[in-house]
Each structure stands twice: as C-alpha cells, then as structure tokens.
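Right, one structure below, let's go through it.
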Amino acid sequence: MAILGPGIITGSVDNDAGGITTYSVAGASYGYALLWTLIPAFIVLLIVQEMNARMGIVTGKGLADLIRENAGVKVTFFIFIGLLIADIGNTTTEFAGVAGSMNVFGVSKYISVPLVTIAVWLLVVKGTYRSAERIFLIFSIFLLSYIVSAIMGKPQWNEIGASIIKPHIEFNFAYLTIVIGIIGTTIAPWMQFYMQSAVIEKGLKIEHYKYTFWDVFIGCVVTVVVAFFIIVACASTLHENNIKIEEAKDAAMALKPLAGSLASTFFALGLFIASVFSATILPVATAFYVCEAFGFEAGIDKKMKEAPQFYFLYTSILLISMIIILFPNAPLILITLWSQVLNGLLLPVVLICMILLVNNKEIMGSYTNKPLNNWIGWTTVIVLISLTLVLLVTSFIK
C-alpha cells in the first residue's frame with residue numbers, strides 16, 4: 001500500500017476538466033459510438049505508463065532529463081515549448097471546469113477560481129510530497145461519482161455492448177477531431193513526465209517494481225472506467241434527447257431534467273473535484289519537466305530557496321491560466337477542445353523519444369522493452385501520425 005500513489009494519481013488526474021468535456025461531447029454527439037476507442041486507449045496507456053515507471057526506477061532520472069541528455073538542448077527546447085503552450089491551455093481548462101461546476105451551484109467564477117488558485121498554490125508550496133499524495137489519492141476516489149450519474153441515466157447496455165463489438169468509424173473532420181481528442185486526453189503527453197518524476201520523488205527502487213506495476217495497472221483501469229461512465233452518462237441522456245453541449249458544465253445542467261437532480265449534482269461534483277485535482281497536478285508536472293529539461297532543481301519537497309525556477313514557473317502557469325479564465329468572453333470551449341487535440345498531436349513526438357530511450361541498453365541495461373511493448377508503442381505512433389494527417393487533409397476538404 002505504501003508503494004501505491006504515482007500510477008493511481010497519474011491515471012486519475014488524466015480525467016480532468018478537458019477530458020470530462022471531451023468525453024461529454026463525444027457521448028452527447030455520437031452516443032455510444034466512440035466507446036470502442038477506450039479499449040485501445042487502455043492498452044496503450046498501460047504499456048506507456050509501465051515504460052515510464054520502469055525508466056524512472058532503473059535510471060533515477062526524469063523523462064525530460066533523459067531527453068535532454070540524449071537528444072540535445074535544441075530538440076528539447078522546441079519539444080518543450082509546444083508542451084508548455086499545451087499545458088497552459090490544459091490548466092486554463094481546469095479552471096474553466098472549476099468555474100463551470102461551481103456555476104451549477106450558483107457560485108460566481110470570480111469567487112471560485114481565485115479561491116481555488118490560492119488553495120492549490122498553498123498545497124504545493126507549503127506541503128510535502130507525502131501530504132500532497134495523500135490528498136490526491138482521496139481526490140481519486142471522488143471521481144467514481146460519475147458511475148452514479150451514468151447509472152441514473154438508465155443506459156441501454158445491449159447497445160453499449162454492440163457499439164464496442166462492432167465499432168462505427170467515420171472519416172470526417174468532426175469525428176477524427178473527437179477521436180484524437182479522446183486519445184490525447186486519455187494518454188496526455190504531460191502524464192509521461194509526471195509519472196516518471198513521481199516515481200523518482202517517491203524514491204522507488206527496482207525491488208518495488210512488481211508493486212509499482214499494479215499501481216500503474218489500477219491507475220489505468222480507473223482512467224478508462226471513469227471515461228467510460230462519462231460517455232455513457234451523456235450518451236444515454238443527452239444524445240437520446242438530441243441535446244448538444246459545448247462543455248462539461250452544460251452536461252451537468254442538462255442531466256437534471258433527464259436523470260434527476262442527484263445525477264446532475266454528482267456530475268458537477270465530479271467535475272469540480274477533477275478540475276481542482278488537475279489544476280494542482282498539471283502545473284506541477286509542467287514545472288517539473290521544464291526544470292528537469294534545463295537542469296534546474298525541481299520538486300514539491302524542495303523549499304522555494306532550493307528550487308526558485310520550479311516555483312516561479314508553477315506560480316506563473318497558475319496565474320496566467322486564472323487570468324485567462326477571469327477575462328470576459330474568453331473562448332473557453334475552443335481552448336478546452338483544442339488543448340486536447342494539441343495533446344494528441346504532441347503525443348507521437350513524446351512516444352518516439354520514450355521508445356528510443358527505453359530500448360537504449362546503455363540507459364536501461366537488462367530492463368529494455370520486450371518486443372510486444374515495442375510493437376504496441378510503434379503502432380500507436382504510426383496510427384496517431386496517420387490520424388493527424390487525415391485530420392489536416394479533411395480540414396482543407398470540409
């Protein structure tokens with residue numbers, strides 16, 4: 001039990017406001033038709049997260065550190081500029097989730113967002129890794145509230161089974177955007193950096209590997225189960241009644257007349273918990289890997305004097321994201337959906353770096369990848385690049 005933490009937290013925080021919005025729009029727009037994407041997403045997520053944990057345990061170094069050492073500073077700089085932009089968009093999305101969920105309960109974003117920003121900042125700056133991890137694990141449990149919302153929507157389980165066994169696939173801009181968005185939010189680039197850094201900060205060694213694997217496995221199951229029930233909740237209510245939504249808050253409010261106030265409350269509560277959870281982790285992960293990439297001290301257990309660049313970057317991401325949300329008429333829906341698509345576009349770059357590193361015997365010794373891991377990893381890269389190219393082509397044709 002003491003080993004558990006990094007895998008479950010990384011998996012749970014993946015179901016953030018951006019993810020919930022993407023899953024909600026997928027369910028409302030396409031019903032159960034996109035549930036099939038969660039099966040390959042689970043397999044890839046498990047393989048990728050296991051690679052991360054193994055690299056962290058064997059090398060004792062973060063993914064960003066390894067990329068810089070092996071790819072050079074110039075390549076690292078361009079990769080991390082893209083990731084930094086995506087993560088500011090992702091963090092902004094988390095605050096949009098805070099604002100939207102609290103709006104369901106009648107609380108203004110001008111009150112909820114600043115209060116959450118202060119609370120999140122204090123937790124990281126004044127807390128330790130151990131105390132933060134315990135709070136994050138409690139947050140993970142609350143995400144199961146989406147199961148209640150889905151069951152109260154009275155889903156058609158026979159239709160769900162049919163949609164998974166016989167997937168419906170379309171080759172148009174809207175459909176492919178949602179597919180890439182689902183993959184991008186289920187297997188987000190920032191997760192790989194956070195997972196590896198968390199394993200190191202927790203001080204895990206190779207003798208802990210088998211327990212760490214189960215930690216990763218449970219985290220991946222939680223990720224996909226929560227995503228499944230969000231899509232089901234929106235498909236069985238909103239899609240059945242031809243209700244279109246643009247963000248997760250719309251789903252929470254629309255559920256009230258269709259599935260009851262309790263389903264609406266649980267959906268909004270889940271959105272709030274997920275948003276606060278991710279608004280804490282995402283800036284930490286970003287500050288972690290940017291500082292690692294350029295050789296600065298990083299970590300929650302470090303004091304501000306010991307890691308000034310880490311805390312400056314963390315604070316800056318929080319403030320920039322908060323200001324964007326509080327700005328009147330900010331295009332929050334576009335920021336939310338396209339930050340997830342940008343995740344999907346950046347993911348192949350991160351995966352290529354990871355696969356090359358984890359197969360380097362000078363780095364990993366006898367703990368390099370097995371053939372199956374490599375096959376799944378490279379297949380994922382090829383599929384994502386292919387989807388991206390098709391998306392670009394259809395965007396010009398439409």
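Letters A, B, ... mark the chains of the structure tokens in the order given; residue numbers begin at 1 per chain; ligand numbers begin at 1, in order shown.
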Helix (DSSP H, G or I) positions in region 16-211 of chain A, given as a PyMOL selection string
chain A and resi 17-30+35-59+63-71+73-104+109-126+129-142+145-152+157-165+173-186+189-202+206-211
Shell around Met51 (chain A) at 9 Å using only C-alpha atoms, local window under 3 positions removed, as a PDB file with C-alpha atoms, in the first residue's frame:
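Output (result.pdb):
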```pdb
ATOM      1  CA  LEU A  46      -0.866   0.661 -19.669  1.00  0.00           C
ATOM      2  CA  ILE A  47       2.137  -0.030 -21.918  1.00  0.00           C
ATOM      3  CA  VAL A  48       3.255   3.620 -21.938  1.00  0.00           C
ATOM      4  CA  ARG A  54      10.404   1.298 -15.341  1.00  0.00           C
ATOM      5  CA  MET A  55      12.586   4.076 -16.760  1.00  0.00           C
ATOM      6  CA  GLY A  56      12.188   6.144 -13.614  1.00  0.00           C
ATOM      7  CA  MET A 354      10.339   7.363 -24.891  1.00  0.00           C
ATOM      8  CA  ILE A 355      10.585   4.245 -27.066  1.00  0.00           C
ATOM      9  CA  VAL A 358      13.656   2.663 -23.094  1.00  0.00           C
ATOM     10  CA  ASN A 369      11.457  -3.197 -23.742  1.00  0.00           C
ATOM     11  CA  ASN A 373       5.833  -3.334 -25.861  1.00  0.00           C
TER      12      ASN A 373
END
```
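Residue neighbourhood of Ala28 (chain A), excluding near-sequence residues (fewer than 2 positions): Val25, Ala26, Tyr30, Gly31, Cys234, Ala235, Leu238 and His239 of chain A, at 6 Å, using only C-alpha atoms.
Minimum distance to Glu207 (chain A) across A:Ile57, A:Leu34, A:Ile39, A:Leu269 (counting only C-alpha atoms) occurs at A:Ile57.
Of note, CA of Ile335 (chain A) and CA of Leu347 (chain A) are spaced 17.9 Å apart.
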